[in-house]
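Coordinates from model07.csv are shown below (CSV, N, CA, C and O atoms).
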chain,number,residue,atom,x,y,z
V,26,MET,N,17.2,-6.9,6.2
V,26,MET,CA,16.2,-6.0,6.7
V,26,MET,C,15.3,-6.8,7.6
V,26,MET,O,14.7,-7.8,7.3
V,27,PRO,N,15.1,-6.4,8.9
V,27,PRO,CA,14.2,-7.1,9.8
V,27,PRO,C,12.8,-7.1,9.4
V,27,PRO,O,12.3,-6.1,8.8
V,28,ARG,N,12.1,-8.1,9.7
V,28,ARG,CA,10.7,-8.2,9.3
V,28,ARG,C,9.8,-8.3,10.6
V,28,ARG,O,10.3,-8.8,11.6
V,29,CYS,N,8.6,-7.8,10.5
V,29,CYS,CA,7.7,-7.9,11.6
V,29,CYS,C,7.3,-9.4,11.8
V,29,CYS,O,6.8,-10.0,10.8
V,30,PRO,N,7.4,-10.0,13.0
V,30,PRO,CA,7.1,-11.4,13.2
V,30,PRO,C,5.7,-11.8,13.0
V,30,PRO,O,5.4,-12.9,12.6
V,31,ARG,N,4.8,-10.9,13.2
V,31,ARG,CA,3.3,-11.2,13.0
V,31,ARG,C,2.9,-11.1,11.6
V,31,ARG,O,1.9,-11.7,11.2
V,32,HIS,N,3.5,-10.3,10.8
V,32,HIS,CA,3.2,-10.1,9.4
V,32,HIS,C,4.4,-10.2,8.5
V,32,HIS,O,4.9,-9.1,8.0
V,33,PRO,N,5.0,-11.3,8.3
V,33,PRO,CA,6.3,-11.4,7.7
V,33,PRO,C,6.3,-11.1,6.2
V,33,PRO,O,7.3,-10.7,5.7
V,34,ASN,N,5.2,-11.1,5.5
V,34,ASN,CA,5.2,-10.8,4.1
V,34,ASN,C,5.0,-9.4,3.7
V,34,ASN,O,5.9,-8.8,3.1
V,35,PRO,N,3.9,-8.7,4.1
V,35,PRO,CA,3.7,-7.3,3.5
V,35,PRO,C,4.4,-6.2,4.3
V,35,PRO,O,4.5,-5.1,3.8
V,36,PHE,N,4.8,-6.4,5.5
V,36,PHE,CA,5.3,-5.3,6.3
V,36,PHE,C,6.8,-5.4,6.5
V,36,PHE,O,7.3,-6.5,6.8
V,37,ARG,N,7.5,-4.3,6.4
V,37,ARG,CA,8.9,-4.3,6.6
V,37,ARG,C,9.3,-3.1,7.5
V,37,ARG,O,8.7,-2.0,7.2
V,38,PHE,N,10.2,-3.2,8.4
V,38,PHE,CA,10.7,-2.1,9.2
V,38,PHE,C,11.9,-1.5,8.5
V,38,PHE,O,12.8,-2.2,8.1
V,39,ARG,N,11.8,-0.2,8.4
V,39,ARG,CA,13.0,0.6,7.8
V,39,ARG,C,13.2,1.8,8.7
V,39,ARG,O,12.4,2.7,8.7
V,40,ARG,N,14.3,1.7,9.4
V,40,ARG,CA,14.7,2.8,10.3
V,40,ARG,C,13.5,3.2,11.2
V,40,ARG,O,13.1,4.4,11.2
V,41,ARG,N,12.9,2.3,11.8
V,41,ARG,CA,11.8,2.5,12.7
V,41,ARG,C,10.5,2.9,12.0
V,41,ARG,O,9.7,3.5,12.6
V,42,ALA,N,10.4,2.6,10.7
V,42,ALA,CA,9.2,2.9,10.0
V,42,ALA,C,8.6,1.6,9.5
V,42,ALA,O,9.3,0.6,9.3
V,43,LEU,N,7.3,1.6,9.3
V,43,LEU,CA,6.5,0.5,8.9
V,43,LEU,C,5.9,0.8,7.5
V,43,LEU,O,5.4,1.9,7.3
V,44,SER,N,6.0,-0.2,6.6
V,44,SER,CA,5.4,0.1,5.3
V,44,SER,C,4.7,-1.1,4.7
V,44,SER,O,5.0,-2.3,5.2
V,45,ALA,N,3.8,-0.9,3.9
V,45,ALA,CA,3.0,-2.0,3.2
V,45,ALA,C,2.7,-1.6,1.8
V,45,ALA,O,2.6,-0.4,1.5
V,46,PHE,N,2.6,-2.6,0.9
V,46,PHE,CA,2.3,-2.3,-0.5
V,46,PHE,C,1.1,-3.1,-0.8
V,46,PHE,O,0.9,-4.2,-0.3
V,47,LEU,N,0.2,-2.5,-1.7
V,47,LEU,CA,-1.0,-3.2,-2.1
V,47,LEU,C,-1.2,-3.1,-3.6
V,47,LEU,O,-0.7,-2.2,-4.2
V,48,THR,N,-2.0,-4.1,-4.1
V,48,THR,CA,-2.3,-4.1,-5.5
V,48,THR,C,-3.8,-3.9,-5.6
V,48,THR,O,-4.6,-4.6,-4.9
V,49,ILE,N,-4.3,-3.0,-6.5
V,49,ILE,CA,-5.7,-2.9,-6.8
V,49,ILE,C,-6.1,-4.0,-7.8
V,49,ILE,O,-5.6,-4.0,-8.9
V,50,VAL,N,-6.9,-4.9,-7.3
V,50,VAL,CA,-7.3,-6.0,-8.2
V,50,VAL,C,-8.2,-5.5,-9.4
V,50,VAL,O,-9.2,-4.8,-9.1
V,51,PRO,N,-7.7,-5.7,-10.6
V,51,PRO,CA,-8.4,-5.2,-11.8
V,51,PRO,C,-9.9,-5.4,-11.9
V,51,PRO,O,-10.7,-4.6,-12.4
V,52,THR,N,-10.4,-6.5,-11.4
V,52,THR,CA,-11.8,-6.9,-11.5
V,52,THR,C,-12.6,-6.5,-10.3
V,52,THR,O,-13.8,-6.8,-10.1
V,53,SER,N,-12.0,-5.7,-9.4
V,53,SER,CA,-12.7,-5.4,-8.1
V,53,SER,C,-13.5,-4.1,-8.1
V,53,SER,O,-14.4,-3.9,-7.3
V,54,GLY,N,-13.4,-3.3,-9.1
V,54,GLY,CA,-14.2,-2.0,-9.2
V,54,GLY,C,-15.6,-2.2,-9.6
V,54,GLY,O,-15.9,-3.1,-10.5
V,55,MET,N,-16.5,-1.4,-9.1
V,55,MET,CA,-17.9,-1.5,-9.5
V,55,MET,C,-18.4,-0.1,-9.8
V,55,MET,O,-17.8,0.9,-9.3
V,56,GLY,N,-19.4,0.0,-10.6
V,56,GLY,CA,-20.0,1.3,-10.9
V,56,GLY,C,-19.0,2.2,-11.6
V,56,GLY,O,-18.4,1.8,-12.6
V,57,GLU,N,-18.7,3.4,-11.1
V,57,GLU,CA,-17.8,4.3,-11.8
V,57,GLU,C,-16.3,3.8,-11.7
V,57,GLU,O,-15.5,4.4,-12.4
V,58,LEU,N,-16.1,2.9,-10.8
V,58,LEU,CA,-14.7,2.3,-10.7
V,58,LEU,C,-14.5,1.0,-11.4
V,58,LEU,O,-13.4,0.4,-11.3
V,59,THR,N,-15.4,0.6,-12.3
V,59,THR,CA,-15.2,-0.6,-13.1
V,59,THR,C,-14.0,-0.4,-14.0
V,59,THR,O,-13.8,0.6,-14.6
V,60,GLY,N,-13.1,-1.4,-13.9
V,60,GLY,CA,-11.9,-1.3,-14.8
V,60,GLY,C,-10.7,-0.7,-14.1
V,60,GLY,O,-9.6,-0.6,-14.6
V,61,ILE,N,-10.9,-0.3,-12.8
V,61,ILE,CA,-9.7,0.3,-12.1
V,61,ILE,C,-8.6,-0.7,-11.9
V,61,ILE,O,-8.9,-1.9,-11.7
V,62,HIS,N,-7.4,-0.3,-12.0
V,62,HIS,CA,-6.2,-1.1,-11.7
V,62,HIS,C,-5.1,-0.2,-11.3
V,62,HIS,O,-5.0,1.0,-11.6
V,63,GLY,N,-4.2,-0.8,-10.5
V,63,GLY,CA,-3.0,0.0,-10.1
V,63,GLY,C,-2.5,-0.6,-8.8
V,63,GLY,O,-2.6,-1.8,-8.5
V,64,ALA,N,-1.9,0.3,-8.0
V,64,ALA,CA,-1.2,-0.1,-6.8
V,64,ALA,C,-1.3,1.0,-5.8
V,64,ALA,O,-1.7,2.1,-6.1
V,65,GLY,N,-0.8,0.7,-4.6
V,65,GLY,CA,-0.8,1.8,-3.5
V,65,GLY,C,0.1,1.3,-2.4
V,65,GLY,O,0.6,0.2,-2.4
V,66,GLY,N,0.1,2.1,-1.4
V,66,GLY,CA,0.9,1.7,-0.2
V,66,GLY,C,0.6,2.6,1.0
V,66,GLY,O,0.0,3.6,0.9
V,67,ILE,N,1.2,2.2,2.1
V,67,ILE,CA,1.2,3.0,3.3
V,67,ILE,C,2.5,2.9,4.0
V,67,ILE,O,3.1,1.8,4.0
V,68,THR,N,2.9,4.0,4.5
V,68,THR,CA,4.2,4.0,5.3
V,68,THR,C,3.9,4.8,6.6
V,68,THR,O,3.2,5.8,6.6
V,69,VAL,N,4.3,4.3,7.7
V,69,VAL,CA,4.2,4.9,9.0
V,69,VAL,C,5.7,5.3,9.4
V,69,VAL,O,6.5,4.4,9.5
V,70,ASP,N,5.9,6.6,9.4
V,70,ASP,CA,7.3,7.0,9.7
V,70,ASP,C,7.6,6.9,11.2
V,70,ASP,O,6.8,6.5,12.0
V,71,GLY,N,8.8,7.2,11.6
V,71,GLY,CA,9.3,7.1,12.9
V,71,GLY,C,8.6,7.9,14.0
V,71,GLY,O,8.6,7.6,15.1
V,72,GLU,N,7.9,9.0,13.5
V,72,GLU,CA,7.1,9.8,14.4
V,72,GLU,C,5.6,9.4,14.5
V,72,GLU,O,4.8,10.0,15.1
V,73,GLY,N,5.3,8.3,13.7
V,73,GLY,CA,3.9,7.8,13.7
V,73,GLY,C,3.0,8.4,12.7
V,73,GLY,O,1.8,8.1,12.7
V,74,THR,N,3.5,9.3,11.8
V,74,THR,CA,2.7,9.9,10.7
V,74,THR,C,2.4,8.8,9.6
V,74,THR,O,3.4,8.2,9.2
V,75,HIS,N,1.2,8.7,9.2
V,75,HIS,CA,0.8,7.7,8.2
V,75,HIS,C,0.8,8.4,6.8
V,75,HIS,O,0.2,9.5,6.7
V,76,HIS,N,1.5,7.8,5.9
V,76,HIS,CA,1.5,8.4,4.5
V,76,HIS,C,0.9,7.3,3.6
V,76,HIS,O,1.4,6.2,3.5
V,77,ILE,N,-0.2,7.6,2.9
V,77,ILE,CA,-0.9,6.7,2.1
V,77,ILE,C,-0.9,7.2,0.6
V,77,ILE,O,-1.1,8.4,0.4
V,78,TRP,N,-0.6,6.3,-0.3
V,78,TRP,CA,-0.6,6.7,-1.7
V,78,TRP,C,-1.3,5.7,-2.6
V,78,TRP,O,-1.3,4.5,-2.2
V,79,PHE,N,-1.8,6.1,-3.7
V,79,PHE,CA,-2.4,5.2,-4.7
V,79,PHE,C,-1.9,5.7,-6.1
V,79,PHE,O,-1.9,6.9,-6.4
V,80,ASP,N,-1.6,4.8,-6.9
V,80,ASP,CA,-1.3,5.0,-8.3
V,80,ASP,C,-2.2,4.1,-9.1
V,80,ASP,O,-2.0,2.9,-9.2
V,81,TYR,N,-3.2,4.7,-9.7
V,81,TYR,CA,-4.2,3.9,-10.4
V,81,TYR,C,-4.6,4.5,-11.7
V,81,TYR,O,-4.3,5.6,-12.0
V,82,GLU,N,-5.3,3.7,-12.5
V,82,GLU,CA,-5.8,4.1,-13.8
V,82,GLU,C,-7.2,3.6,-14.0
V,82,GLU,O,-7.6,2.6,-13.5
V,83,LEU,N,-8.0,4.5,-14.6
V,83,LEU,CA,-9.4,4.1,-14.9
V,83,LEU,C,-9.5,4.1,-16.5
V,83,LEU,O,-8.9,4.9,-17.1
V,84,PRO,N,-10.4,3.2,-17.0
V,84,PRO,CA,-10.5,3.2,-18.5
V,84,PRO,C,-11.2,4.5,-18.9
V,84,PRO,O,-11.9,5.2,-18.1
V,85,ALA,N,-10.9,4.9,-20.1
V,85,ALA,CA,-11.4,6.2,-20.7
V,85,ALA,C,-13.0,6.0,-20.8
V,85,ALA,O,-13.5,4.9,-21.1
V,86,ALA,N,-13.7,7.1,-20.5
V,86,ALA,CA,-15.1,7.1,-20.6
V,86,ALA,C,-15.5,6.9,-22.1
V,86,ALA,O,-14.9,7.5,-22.9
V,87,GLY,N,-16.5,6.0,-22.3
V,87,GLY,CA,-16.8,5.7,-23.7
V,87,GLY,C,-18.2,6.0,-24.0
V,87,GLY,O,-18.9,6.3,-24.6
Encoded form using structure tokens:
Amino acid sequence: MPRCPRHPNPFRFRRRALSAFLTIVPTSGMGELTGIHGAGGITVDGEGTHHIWFDYELPAAG
């Protein structure tokens, strides 16, 4: 699979689409987001449409 020469690690071309994956750092949330953890990503399809997703969890309110 060809890789973008400027960003060889997180970005990959797939059939003229660009995608990236991210991790939500567990200790990065503040206030109501304290304890958040999970992942997400972005894909730009061949027509230039951006698709962003997040899969995350928050601790139960106590």
Rounded to one decimal place, report the atom C of Leu43 (chain V)-atom N of Leu58 (chain V) distance in Å.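 Between atom C of Leu43 (chain V) and atom N of Leu58 (chain V) the gap works out to 28.7 Å.
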Using DSSP on the backbone, list every residue of region 40-79 of chain V that comes out as strand (DSSP E), and give them as a ChimeraX atom specification. /V:42-49,62-69,75-79
Please compute the atom N of Gly65 (chain V)-atom N of Pro51 (chain V) distance, one decimal, in Å.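 Atom N of Pro51 (chain V) lies 11.2 Å from atom N of Gly65 (chain V).
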Please report the interatomic distance between CA of Ser44 (chain V) and CA of His62 (chain V) in Å with one decimal.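 Computing it gives 20.6 Å between the two atoms.
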So which residues are close to (3.4, 0.3, 1.8), meaning at most 8 Å away in the file's coordinates with all atoms listed in the file counted, and can you show them as a PDB file with N, CA, C and O atoms, in the frame of the given file?
ATOM      1  N   PRO V  35       3.900  -8.700   4.100  1.00  0.00           N
ATOM      2  CA  PRO V  35       3.700  -7.300   3.500  1.00  0.00           C
ATOM      3  C   PRO V  35       4.400  -6.200   4.300  1.00  0.00           C
ATOM      4  O   PRO V  35       4.500  -5.100   3.800  1.00  0.00           O
ATOM      5  N   PHE V  36       4.800  -6.400   5.500  1.00  0.00           N
ATOM      6  CA  PHE V  36       5.300  -5.300   6.300  1.00  0.00           C
ATOM      7  C   PHE V  36       6.800  -5.400   6.500  1.00  0.00           C
ATOM      8  O   PHE V  36       7.300  -6.500   6.800  1.00  0.00           O
ATOM      9  N   ARG V  37       7.500  -4.300   6.400  1.00  0.00           N
ATOM     10  CA  ARG V  37       8.900  -4.300   6.600  1.00  0.00           C
ATOM     11  C   ARG V  37       9.300  -3.100   7.500  1.00  0.00           C
ATOM     12  O   ARG V  37       8.700  -2.000   7.200  1.00  0.00           O
ATOM     13  N   LEU V  43       7.300   1.600   9.300  1.00  0.00           N
ATOM     14  CA  LEU V  43       6.500   0.500   8.900  1.00  0.00           C
ATOM     15  C   LEU V  43       5.900   0.800   7.500  1.00  0.00           C
ATOM     16  O   LEU V  43       5.400   1.900   7.300  1.00  0.00           O
ATOM     17  N   SER V  44       6.000  -0.200   6.600  1.00  0.00           N
ATOM     18  CA  SER V  44       5.400   0.100   5.300  1.00  0.00           C
ATOM     19  C   SER V  44       4.700  -1.100   4.700  1.00  0.00           C
ATOM     20  O   SER V  44       5.000  -2.300   5.200  1.00  0.00           O
ATOM     21  N   ALA V  45       3.800  -0.900   3.900  1.00  0.00           N
ATOM     22  CA  ALA V  45       3.000  -2.000   3.200  1.00  0.00           C
ATOM     23  C   ALA V  45       2.700  -1.600   1.800  1.00  0.00           C
ATOM     24  O   ALA V  45       2.600  -0.400   1.500  1.00  0.00           O
ATOM     25  N   PHE V  46       2.600  -2.600   0.900  1.00  0.00           N
ATOM     26  CA  PHE V  46       2.300  -2.300  -0.500  1.00  0.00           C
ATOM     27  C   PHE V  46       1.100  -3.100  -0.800  1.00  0.00           C
ATOM     28  O   PHE V  46       0.900  -4.200  -0.300  1.00  0.00           O
ATOM     29  N   LEU V  47       0.200  -2.500  -1.700  1.00  0.00           N
ATOM     30  CA  LEU V  47      -1.000  -3.200  -2.100  1.00  0.00           C
ATOM     31  C   LEU V  47      -1.200  -3.100  -3.600  1.00  0.00           C
ATOM     32  O   LEU V  47      -0.700  -2.200  -4.200  1.00  0.00           O
ATOM     33  N   GLY V  65      -0.800   0.700  -4.600  1.00  0.00           N
ATOM     34  CA  GLY V  65      -0.800   1.800  -3.500  1.00  0.00           C
ATOM     35  C   GLY V  65       0.100   1.300  -2.400  1.00  0.00           C
ATOM     36  O   GLY V  65       0.600   0.200  -2.400  1.00  0.00           O
ATOM     37  N   GLY V  66       0.100   2.100  -1.400  1.00  0.00           N
ATOM     38  CA  GLY V  66       0.900   1.700  -0.200  1.00  0.00           C
ATOM     39  C   GLY V  66       0.600   2.600   1.000  1.00  0.00           C
ATOM     40  O   GLY V  66       0.000   3.600   0.900  1.00  0.00           O
ATOM     41  N   ILE V  67       1.200   2.200   2.100  1.00  0.00           N
ATOM     42  CA  ILE V  67       1.200   3.000   3.300  1.00  0.00           C
ATOM     43  C   ILE V  67       2.500   2.900   4.000  1.00  0.00           C
ATOM     44  O   ILE V  67       3.100   1.800   4.000  1.00  0.00           O
ATOM     45  N   THR V  68       2.900   4.000   4.500  1.00  0.00           N
ATOM     46  CA  THR V  68       4.200   4.000   5.300  1.00  0.00           C
ATOM     47  C   THR V  68       3.900   4.800   6.600  1.00  0.00           C
ATOM     48  O   THR V  68       3.200   5.800   6.600  1.00  0.00           O
ATOM     49  N   VAL V  69       4.300   4.300   7.700  1.00  0.00           N
ATOM     50  CA  VAL V  69       4.200   4.900   9.000  1.00  0.00           C
ATOM     51  C   VAL V  69       5.700   5.300   9.400  1.00  0.00           C
ATOM     52  O   VAL V  69       6.500   4.400   9.500  1.00  0.00           O
ATOM     53  N   HIS V  76       1.500   7.800   5.900  1.00  0.00           N
ATOM     54  CA  HIS V  76       1.500   8.400   4.500  1.00  0.00           C
ATOM     55  C   HIS V  76       0.900   7.300   3.600  1.00  0.00           C
ATOM     56  O   HIS V  76       1.400   6.200   3.500  1.00  0.00           O
ATOM     57  N   ILE V  77      -0.200   7.600   2.900  1.00  0.00           N
ATOM     58  CA  ILE V  77      -0.900   6.700   2.100  1.00  0.00           C
ATOM     59  C   ILE V  77      -0.900   7.200   0.600  1.00  0.00           C
ATOM     60  O   ILE V  77      -1.100   8.400   0.400  1.00  0.00           O
ATOM     61  N   TRP V  78      -0.600   6.300  -0.300  1.00  0.00           N
ATOM     62  CA  TRP V  78      -0.600   6.700  -1.700  1.00  0.00           C
ATOM     63  C   TRP V  78      -1.300   5.700  -2.600  1.00  0.00           C
ATOM     64  O   TRP V  78      -1.300   4.500  -2.200  1.00  0.00           O
TER      65      TRP V  78
END
Between V:Asp70, V:Ser53, V:Thr48, V:Thr59, which is the closest to Pro84 (chain V) once you count only C-alpha atoms?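 Counting only C-alpha atoms, the residue closest to Pro84 (chain V) is V:Thr59.
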From the set V:Ile61, V:Met55, V:Ile49, V:Gly71, which residue has the shortest atom-to-atom contact distance to Leu83 (chain V), counting only N, CA, C and O atoms?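 For Leu83 (chain V), the nearest of the candidates is V:Ile61.
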